[in-house]
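Novice: Below you'll find query_17.cif; it's mmCIF, C-alpha atoms.
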data_coords
#
loop_
_atom_site.label_atom_id
_atom_site.label_comp_id
_atom_site.auth_asym_id
_atom_site.auth_seq_id
_atom_site.Cartn_x
_atom_site.Cartn_y
_atom_site.Cartn_z
CA MET A 1 135.29 -70.75 139.87
CA HIS A 2 138.41 -71.94 141.69
CA THR A 3 139.15 -75.66 142.14
CA VAL A 4 138.48 -76.63 145.74
CA SER A 5 140.63 -78.86 147.98
CA VAL A 6 138.92 -78.38 151.34
CA THR A 7 138.79 -81.07 154.01
CA ASN A 8 135.57 -82.07 155.73
CA PRO A 9 136.69 -80.65 159.11
CA ASP A 10 137.22 -77.22 157.47
CA LEU A 11 133.79 -77.35 155.90
CA SER A 12 132.17 -78.55 159.12
CA LYS A 13 133.86 -75.76 161.10
CA LEU A 14 132.68 -73.12 158.65
CA ILE A 15 129.12 -74.46 158.60
CA ALA A 16 129.03 -74.51 162.41
CA ALA A 17 130.36 -70.93 162.54
CA ASN A 18 127.78 -69.78 159.96
CA ASN A 19 124.97 -71.47 161.90
CA ASP A 20 126.13 -69.90 165.15
CA LEU A 21 126.26 -66.44 163.58
CA GLY A 22 122.83 -66.97 162.02
CA PHE A 23 121.16 -68.02 165.27
CA GLN A 24 122.79 -65.17 167.19
CA LEU A 25 121.70 -62.67 164.54
CA LEU A 26 118.17 -64.06 164.40
CA THR A 27 117.87 -64.06 168.21
CA TRP A 28 119.05 -60.46 168.38
CA LEU A 29 116.71 -59.32 165.58
CA VAL A 30 113.72 -61.04 167.18
CA GLU A 31 114.53 -59.30 170.48
CA GLN A 32 114.67 -55.94 168.67
CA ASP A 33 111.33 -56.45 166.94
CA ALA A 34 109.41 -58.55 169.47
CA GLY A 35 106.11 -59.79 168.10
CA LYS A 36 107.07 -59.24 164.45
CA ASN A 37 108.03 -61.81 161.85
CA VAL A 38 111.73 -61.84 161.03
CA PHE A 39 113.25 -63.30 157.88
CA ILE A 40 116.96 -63.25 157.11
CA SER A 41 119.44 -65.13 155.00
CA SER A 42 122.14 -65.68 157.57
CA PHE A 43 124.27 -67.43 154.95
CA SER A 44 124.12 -64.31 152.76
CA VAL A 45 125.16 -62.15 155.71
CA ALA A 46 128.01 -64.56 156.51
CA LEU A 47 129.17 -64.57 152.87
CA ALA A 48 129.07 -60.77 152.65
CA LEU A 49 131.05 -60.42 155.86
CA THR A 50 133.52 -63.12 154.78
CA MET A 51 134.10 -61.33 151.47
CA THR A 52 134.73 -58.19 153.52
CA TYR A 53 137.07 -60.19 155.78
CA ASN A 54 139.11 -61.08 152.68
CA GLY A 55 139.99 -57.40 152.24
CA ALA A 56 140.44 -56.51 155.90
CA GLU A 57 143.67 -56.08 157.83
CA GLY A 58 144.78 -55.75 161.44
CA LYS A 59 142.11 -55.10 164.07
CA THR A 60 139.30 -55.07 161.52
CA MET A 61 140.30 -58.53 160.31
CA GLU A 62 140.56 -59.77 163.91
CA ALA A 63 137.12 -58.37 164.78
CA LEU A 64 135.52 -59.94 161.70
CA ALA A 65 137.20 -63.29 162.44
CA GLU A 66 135.79 -63.18 165.98
CA LEU A 67 132.33 -62.15 164.80
CA LEU A 68 132.27 -64.87 162.17
CA GLY A 69 133.74 -67.55 164.47
CA LEU A 70 136.62 -68.24 162.09
CA SER A 71 139.40 -68.89 164.60
CA GLY A 72 141.54 -71.86 163.65
CA LEU A 73 140.84 -71.49 159.94
CA GLY A 74 143.18 -69.80 157.48
CA LEU A 75 141.96 -67.49 154.73
CA GLN A 76 142.56 -70.15 152.07
CA GLN A 77 140.58 -72.75 154.04
CA ILE A 78 137.70 -70.32 154.60
CA ASN A 79 137.57 -69.34 150.93
CA GLU A 80 137.75 -72.93 149.68
CA ALA A 81 135.01 -74.05 152.09
CA ASN A 82 132.75 -71.18 151.00
CA ALA A 83 133.42 -71.97 147.33
CA LEU A 84 132.29 -75.52 148.00
CA LEU A 85 129.15 -74.31 149.79
CA ILE A 86 128.07 -72.06 146.92
CA SER A 87 128.92 -74.48 144.13
CA PRO A 88 125.80 -75.69 142.32
CA THR A 89 126.75 -79.39 142.37
CA ASP A 90 123.92 -80.56 144.64
CA VAL A 91 120.81 -79.12 143.02
CA VAL A 92 117.84 -80.82 144.65
CA ASP A 93 115.22 -79.84 142.09
CA PRO A 94 116.30 -79.53 138.44
CA LYS A 95 113.43 -77.07 137.85
CA VAL A 96 115.05 -74.57 140.21
CA GLN A 97 117.65 -72.24 138.77
CA LEU A 98 119.80 -70.45 141.33
CA ASN A 99 122.25 -67.78 140.22
CA ILE A 100 124.41 -66.17 142.84
CA ALA A 101 125.09 -62.44 142.75
CA ASN A 102 127.85 -61.89 145.27
CA SER A 103 129.36 -58.44 145.09
CA ILE A 104 131.31 -55.97 147.14
CA TRP A 105 130.56 -52.31 146.56
CA LEU A 106 133.36 -49.89 147.42
CA ARG A 107 133.16 -46.13 147.66
CA ASP A 108 134.19 -44.63 144.31
CA GLY A 109 137.92 -43.95 144.35
CA VAL A 110 138.83 -46.85 146.67
CA ILE A 111 141.14 -49.16 144.75
CA PRO A 112 141.25 -52.76 146.05
CA SER A 113 144.24 -55.01 145.45
CA SER A 114 144.18 -57.26 142.41
CA ASP A 115 144.60 -60.26 144.76
CA TYR A 116 141.42 -59.28 146.62
CA ILE A 117 139.44 -58.88 143.40
CA GLN A 118 140.70 -62.28 142.20
CA ARG A 119 139.75 -64.03 145.47
CA ILE A 120 136.22 -62.62 145.31
CA LYS A 121 135.92 -63.75 141.69
CA ASP A 122 137.50 -67.20 142.18
CA TYR A 123 135.94 -68.30 145.46
CA TYR A 124 132.67 -66.34 145.61
CA ALA A 125 131.80 -65.98 141.92
CA GLY A 126 131.60 -62.32 142.84
CA GLU A 127 132.41 -58.89 141.57
CA VAL A 128 134.07 -55.87 143.17
CA ALA A 129 132.72 -52.54 141.94
CA GLY A 130 132.76 -48.86 142.80
CA LEU A 131 129.63 -46.99 143.78
CA ASP A 132 128.87 -43.35 144.49
CA PHE A 133 127.46 -43.58 148.02
CA SER A 134 127.04 -39.80 148.19
CA ARG A 135 123.97 -40.28 145.98
CA PRO A 136 121.97 -42.97 147.88
CA GLU A 137 119.12 -43.20 145.37
CA ALA A 138 121.50 -43.72 142.44
CA ALA A 139 123.56 -46.20 144.49
CA ALA A 140 120.41 -48.21 145.32
CA VAL A 141 119.36 -48.26 141.66
CA SER A 142 122.83 -49.40 140.51
CA ALA A 143 123.02 -52.15 143.12
CA SER A 144 119.46 -53.24 142.37
CA ARG A 145 120.13 -53.44 138.63
CA TYR A 146 123.20 -55.59 139.29
CA SER A 147 121.30 -57.88 141.62
CA ARG A 148 118.38 -58.23 139.24
CA SER A 149 120.68 -59.04 136.33
CA MET A 150 122.86 -61.54 138.18
CA SER A 151 120.71 -63.35 140.70
CA ALA A 152 117.32 -64.95 140.69
CA ILE A 153 115.32 -67.90 141.71
CA ARG A 154 112.89 -67.35 138.88
CA ALA A 155 109.36 -66.80 140.08
CA SER A 156 106.31 -65.61 138.24
CA GLY A 157 105.59 -61.91 138.32
CA PRO A 158 107.84 -58.88 138.40
CA ARG A 159 109.90 -57.96 141.42
CA SER A 160 109.50 -54.41 142.57
CA TRP A 161 112.34 -52.00 143.31
CA ARG A 162 110.68 -51.22 146.62
CA THR A 163 110.87 -54.89 147.72
CA TRP A 164 114.56 -55.11 146.81
CA ASP A 165 115.30 -51.84 148.62
CA ARG A 166 113.63 -53.13 151.80
CA ALA A 167 115.55 -56.42 151.62
CA MET A 168 118.84 -54.60 151.05
CA SER A 169 118.11 -52.25 153.94
CA VAL A 170 117.49 -55.21 156.25
CA CYS A 171 120.78 -56.81 155.26
CA LEU A 172 122.77 -53.58 155.64
CA ASP A 173 121.03 -52.72 158.93
CA SER A 174 121.77 -56.21 160.24
CA MET A 175 125.46 -55.90 159.42
CA LYS A 176 125.57 -52.39 160.90
CA SER A 177 123.87 -53.64 164.05
CA MET A 178 126.32 -56.51 164.45
CA ARG A 179 129.15 -54.01 164.27
CA SER A 180 127.43 -51.73 166.78
CA TYR A 181 126.54 -54.49 169.22
CA PRO A 182 129.58 -56.71 169.81
CA GLN A 183 127.74 -58.57 172.58
CA MET A 184 126.09 -60.60 169.81
CA ARG A 185 129.20 -62.78 169.65
CA GLY A 186 128.64 -64.16 173.13
#
As structure tokens - that is how I would like this structure written.
Specialist:
Amino acid sequence: MHTVSVTNPDLSKLIAANNDLGFQLLTWLVEQDAGKNVFISSFSVALALTMTYNGAEGKTMEALAELLGLSGLGLQQINEANALLISPTDVVDPKVQLNIANSIWLRDGVIPSSDYIQRIKDYYAGEVAGLDFSRPEAAAVSASRYSRSMSAIRASGPRSWRTWDRAMSVCLDSMKSMRSYPQMRG
């Protein structure tokens, strides 16, 4: 993990932006599924979109910055603040083991820059990998295997593939919806 030199105002700005995104996303999801329980990890959505932001350019980068509320923060500041947020220095309960499995899955054949791969590794403890999206079942199995091998808050009992697939679908649908409904950003 990269050494962090972030100032408190940078961290506070990022936390406020993440909270704002999370509440907007939760409000929108509750409106879509009125009367149903909704559970999301807004921080996970923000991290996934910020890792995507790291590889974006031009209008895509501008749109992601607006969606994420990152105006006034440079890429280095954003990455350092996120690295601080995911660092395991403040474990509340020593019996809890939290491993983070951040990853970006690119369509097979897309070659990211070495700088991008290094930023994901250094600041997000993540991995950039190719995936054959033309075979959705195989892609889901590959992503699930990665997630199961890299991330867990250990609980008793096996996790089912079906549960992971539903959770992944919710995350992907949420990100797709945010892209489709720009009014979520106010």
Novice: Could you jot down the atom CA of Ser41 of chain A to atom CA of Asp108 of chain A separation for me, Å, one decimal place?
Specialist: 27.4 Å
Novice: Record the distance separating atom CA of Leu64 of chain A and atom CA of Ser42 of chain A, expressed in Å with one decimal.
Specialist: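 Between these atoms lies a distance of 15.1 Å.
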Novice: With 12 Å as the threshold, what does the neighbourhood of (136.1, -67.7, 141.0) contain in terms of residues, counting only C-alpha atoms? Coordinates are those of the file; answer as a PyMOL selection string.
Specialist: chain A and resi 1-4+79-80+82-84+86-87+100+102+115-127
Novice: By how many Å are atom CA of Leu67 of chain A and atom CA of Gly22 of chain A apart?
Specialist: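 That distance, rounded to one decimal, is 11.0 Å.
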Novice: Please provide the set of residues having any atom within 9 Å of Ala48 of chain A, restricted to all atoms listed in the file, with same-chain residues fewer than 3 positions apart removed, written as number ranges by chain.
Specialist: A: 43-45, 51-53, 102-104
Novice: Got a sec to resolve the PyMOL selection byres ((chain A and resi 74) around 12) on this structure and send the residues as a ChimeraX atom specification?
Specialist: /A:6,10,13-14,53-54,61,65,69-73,75-81
Novice: Given only C-alpha atoms as the basis, pick out the residue of A:Trp105, A:Leu68, A:Pro112, A:Val128 nearest to Ala16 of chain A.
Specialist: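 Checking each of A:Trp105, A:Leu68, A:Pro112, A:Val128 against Ala16 of chain A, counting only C-alpha atoms, the winner is A:Leu68.
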Novice: Using the structure block above, produce a file of segment 99-114 of chain A that contains all heavy atoms, as a PDB file, in the first residue's frame.
Specialist:
ATOM      1  N   ASN A  99     -10.757  -8.239   4.930  1.00  0.00           N
ATOM      2  CA  ASN A  99      -9.871  -8.203   3.774  1.00  0.00           C
ATOM      3  C   ASN A  99     -10.630  -7.531   2.649  1.00  0.00           C
ATOM      4  O   ASN A  99     -11.781  -7.863   2.391  1.00  0.00           O
ATOM      5  CB  ASN A  99      -9.459  -9.618   3.357  1.00  0.00           C
ATOM      6  CG  ASN A  99      -8.662 -10.309   4.424  1.00  0.00           C
ATOM      7  OD1 ASN A  99      -7.861  -9.686   5.099  1.00  0.00           O
ATOM      8  ND2 ASN A  99      -8.903 -11.588   4.603  1.00  0.00           N
ATOM      9  N   ILE A 100      -9.975  -6.606   1.989  1.00  0.00           N
ATOM     10  CA  ILE A 100     -10.631  -5.861   0.927  1.00  0.00           C
ATOM     11  C   ILE A 100     -10.279  -6.478  -0.416  1.00  0.00           C
ATOM     12  O   ILE A 100      -9.119  -6.808  -0.672  1.00  0.00           O
ATOM     13  CB  ILE A 100     -10.218  -4.378   0.995  1.00  0.00           C
ATOM     14  CG1 ILE A 100     -10.754  -3.780   2.292  1.00  0.00           C
ATOM     15  CG2 ILE A 100     -10.724  -3.622  -0.218  1.00  0.00           C
ATOM     16  CD1 ILE A 100     -10.340  -2.369   2.546  1.00  0.00           C
ATOM     17  N   ALA A 101     -11.283  -6.600  -1.273  1.00  0.00           N
ATOM     18  CA  ALA A 101     -11.088  -7.193  -2.599  1.00  0.00           C
ATOM     19  C   ALA A 101     -11.504  -6.198  -3.668  1.00  0.00           C
ATOM     20  O   ALA A 101     -12.473  -6.406  -4.379  1.00  0.00           O
ATOM     21  CB  ALA A 101     -11.885  -8.477  -2.727  1.00  0.00           C
ATOM     22  N   ASN A 102     -10.792  -5.102  -3.761  1.00  0.00           N
ATOM     23  CA  ASN A 102     -11.089  -4.132  -4.804  1.00  0.00           C
ATOM     24  C   ASN A 102     -10.524  -4.635  -6.124  1.00  0.00           C
ATOM     25  O   ASN A 102      -9.383  -5.090  -6.185  1.00  0.00           O
ATOM     26  CB  ASN A 102     -10.462  -2.771  -4.477  1.00  0.00           C
ATOM     27  CG  ASN A 102     -11.178  -2.075  -3.351  1.00  0.00           C
ATOM     28  OD1 ASN A 102     -12.383  -2.222  -3.201  1.00  0.00           O
ATOM     29  ND2 ASN A 102     -10.443  -1.320  -2.563  1.00  0.00           N
ATOM     30  N   SER A 103     -11.329  -4.539  -7.159  1.00  0.00           N
ATOM     31  CA  SER A 103     -10.849  -4.949  -8.475  1.00  0.00           C
ATOM     32  C   SER A 103     -11.635  -4.231  -9.555  1.00  0.00           C
ATOM     33  O   SER A 103     -12.777  -3.835  -9.356  1.00  0.00           O
ATOM     34  CB  SER A 103     -10.967  -6.466  -8.657  1.00  0.00           C
ATOM     35  OG  SER A 103     -12.299  -6.885  -8.518  1.00  0.00           O
ATOM     36  N   ILE A 104     -10.976  -4.062 -10.664  1.00  0.00           N
ATOM     37  CA  ILE A 104     -11.586  -3.508 -11.869  1.00  0.00           C
ATOM     38  C   ILE A 104     -11.474  -4.590 -12.928  1.00  0.00           C
ATOM     39  O   ILE A 104     -10.395  -5.133 -13.172  1.00  0.00           O
ATOM     40  CB  ILE A 104     -10.858  -2.229 -12.344  1.00  0.00           C
ATOM     41  CG1 ILE A 104     -11.043  -1.086 -11.335  1.00  0.00           C
ATOM     42  CG2 ILE A 104     -11.310  -1.820 -13.732  1.00  0.00           C
ATOM     43  CD1 ILE A 104     -12.433  -0.494 -11.294  1.00  0.00           C
ATOM     44  N   TRP A 105     -12.608  -4.908 -13.531  1.00  0.00           N
ATOM     45  CA  TRP A 105     -12.656  -5.944 -14.552  1.00  0.00           C
ATOM     46  C   TRP A 105     -12.883  -5.285 -15.905  1.00  0.00           C
ATOM     47  O   TRP A 105     -13.906  -4.645 -16.123  1.00  0.00           O
ATOM     48  CB  TRP A 105     -13.776  -6.932 -14.238  1.00  0.00           C
ATOM     49  CG  TRP A 105     -13.557  -7.591 -12.915  1.00  0.00           C
ATOM     50  CD1 TRP A 105     -13.877  -7.090 -11.686  1.00  0.00           C
ATOM     51  CD2 TRP A 105     -12.930  -8.843 -12.686  1.00  0.00           C
ATOM     52  NE1 TRP A 105     -13.501  -7.973 -10.699  1.00  0.00           N
ATOM     53  CE2 TRP A 105     -12.916  -9.061 -11.290  1.00  0.00           C
ATOM     54  CE3 TRP A 105     -12.389  -9.807 -13.519  1.00  0.00           C
ATOM     55  CZ2 TRP A 105     -12.375 -10.205 -10.720  1.00  0.00           C
ATOM     56  CZ3 TRP A 105     -11.855 -10.953 -12.943  1.00  0.00           C
ATOM     57  CH2 TRP A 105     -11.849 -11.135 -11.564  1.00  0.00           C
ATOM     58  N   LEU A 106     -11.918  -5.445 -16.792  1.00  0.00           N
ATOM     59  CA  LEU A 106     -11.986  -4.860 -18.130  1.00  0.00           C
ATOM     60  C   LEU A 106     -12.319  -5.944 -19.146  1.00  0.00           C
ATOM     61  O   LEU A 106     -11.948  -7.103 -18.972  1.00  0.00           O
ATOM     62  CB  LEU A 106     -10.649  -4.229 -18.499  1.00  0.00           C
ATOM     63  CG  LEU A 106     -10.110  -3.174 -17.536  1.00  0.00           C
ATOM     64  CD1 LEU A 106      -8.700  -2.772 -17.941  1.00  0.00           C
ATOM     65  CD2 LEU A 106     -11.028  -1.978 -17.487  1.00  0.00           C
ATOM     66  N   ARG A 107     -12.984  -5.526 -20.205  1.00  0.00           N
ATOM     67  CA  ARG A 107     -13.274  -6.452 -21.300  1.00  0.00           C
ATOM     68  C   ARG A 107     -11.949  -7.004 -21.825  1.00  0.00           C
ATOM     69  O   ARG A 107     -10.973  -6.258 -22.007  1.00  0.00           O
ATOM     70  CB  ARG A 107     -14.030  -5.708 -22.396  1.00  0.00           C
ATOM     71  CG  ARG A 107     -14.481  -6.582 -23.555  1.00  0.00           C
ATOM     72  CD  ARG A 107     -15.244  -5.803 -24.612  1.00  0.00           C
ATOM     73  NE  ARG A 107     -14.433  -4.749 -25.189  1.00  0.00           N
ATOM     74  CZ  ARG A 107     -14.664  -3.452 -25.028  1.00  0.00           C
ATOM     75  NH1 ARG A 107     -15.675  -3.019 -24.321  1.00  0.00           N
ATOM     76  NH2 ARG A 107     -13.883  -2.557 -25.584  1.00  0.00           N
ATOM     77  N   ASP A 108     -11.882  -8.320 -22.027  1.00  0.00           N
ATOM     78  CA  ASP A 108     -10.677  -8.933 -22.576  1.00  0.00           C
ATOM     79  C   ASP A 108     -10.214  -8.151 -23.797  1.00  0.00           C
ATOM     80  O   ASP A 108     -11.015  -7.788 -24.656  1.00  0.00           O
ATOM     81  CB  ASP A 108     -10.941 -10.397 -22.977  1.00  0.00           C
ATOM     82  CG  ASP A 108     -10.745 -11.357 -21.826  1.00  0.00           C
ATOM     83  OD1 ASP A 108     -10.135 -10.966 -20.807  1.00  0.00           O
ATOM     84  OD2 ASP A 108     -11.194 -12.508 -21.940  1.00  0.00           O
ATOM     85  N   GLY A 109      -8.923  -7.886 -23.862  1.00  0.00           N
ATOM     86  CA  GLY A 109      -8.352  -7.165 -24.991  1.00  0.00           C
ATOM     87  C   GLY A 109      -8.124  -5.689 -24.701  1.00  0.00           C
ATOM     88  O   GLY A 109      -7.352  -5.041 -25.396  1.00  0.00           O
ATOM     89  N   VAL A 110      -8.777  -5.134 -23.686  1.00  0.00           N
ATOM     90  CA  VAL A 110      -8.557  -3.737 -23.299  1.00  0.00           C
ATOM     91  C   VAL A 110      -7.299  -3.705 -22.437  1.00  0.00           C
ATOM     92  O   VAL A 110      -7.198  -4.419 -21.442  1.00  0.00           O
ATOM     93  CB  VAL A 110      -9.765  -3.166 -22.521  1.00  0.00           C
ATOM     94  CG1 VAL A 110      -9.452  -1.784 -21.979  1.00  0.00           C
ATOM     95  CG2 VAL A 110     -10.998  -3.142 -23.405  1.00  0.00           C
ATOM     96  N   ILE A 111      -6.345  -2.895 -22.845  1.00  0.00           N
ATOM     97  CA  ILE A 111      -5.061  -2.823 -22.149  1.00  0.00           C
ATOM     98  C   ILE A 111      -4.970  -1.480 -21.416  1.00  0.00           C
ATOM     99  O   ILE A 111      -4.827  -0.434 -22.051  1.00  0.00           O
ATOM    100  CB  ILE A 111      -3.868  -2.942 -23.129  1.00  0.00           C
ATOM    101  CG1 ILE A 111      -4.029  -4.150 -24.050  1.00  0.00           C
ATOM    102  CG2 ILE A 111      -2.550  -2.958 -22.368  1.00  0.00           C
ATOM    103  CD1 ILE A 111      -4.003  -5.488 -23.361  1.00  0.00           C
ATOM    104  N   PRO A 112      -5.051  -1.500 -20.078  1.00  0.00           N
ATOM    105  CA  PRO A 112      -4.934  -0.253 -19.320  1.00  0.00           C
ATOM    106  C   PRO A 112      -3.475   0.189 -19.216  1.00  0.00           C
ATOM    107  O   PRO A 112      -2.556  -0.624 -19.384  1.00  0.00           O
ATOM    108  CB  PRO A 112      -5.490  -0.625 -17.948  1.00  0.00           C
ATOM    109  CG  PRO A 112      -5.184  -2.080 -17.819  1.00  0.00           C
ATOM    110  CD  PRO A 112      -5.284  -2.643 -19.214  1.00  0.00           C
ATOM    111  N   SER A 113      -3.266   1.457 -18.914  1.00  0.00           N
ATOM    112  CA  SER A 113      -1.897   1.949 -18.759  1.00  0.00           C
ATOM    113  C   SER A 113      -1.274   1.365 -17.496  1.00  0.00           C
ATOM    114  O   SER A 113      -1.977   1.029 -16.534  1.00  0.00           O
ATOM    115  CB  SER A 113      -1.881   3.480 -18.679  1.00  0.00           C
ATOM    116  OG  SER A 113      -2.371   3.905 -17.419  1.00  0.00           O
ATOM    117  N   SER A 114       0.034   1.266 -17.504  1.00  0.00           N
ATOM    118  CA  SER A 114       0.735   0.745 -16.325  1.00  0.00           C
ATOM    119  C   SER A 114       0.561   1.688 -15.136  1.00  0.00           C
ATOM    120  O   SER A 114       0.511   1.239 -13.988  1.00  0.00           O
ATOM    121  CB  SER A 114       2.211   0.504 -16.632  1.00  0.00           C
ATOM    122  OG  SER A 114       2.821   1.698 -17.073  1.00  0.00           O
TER     123      SER A 114
END
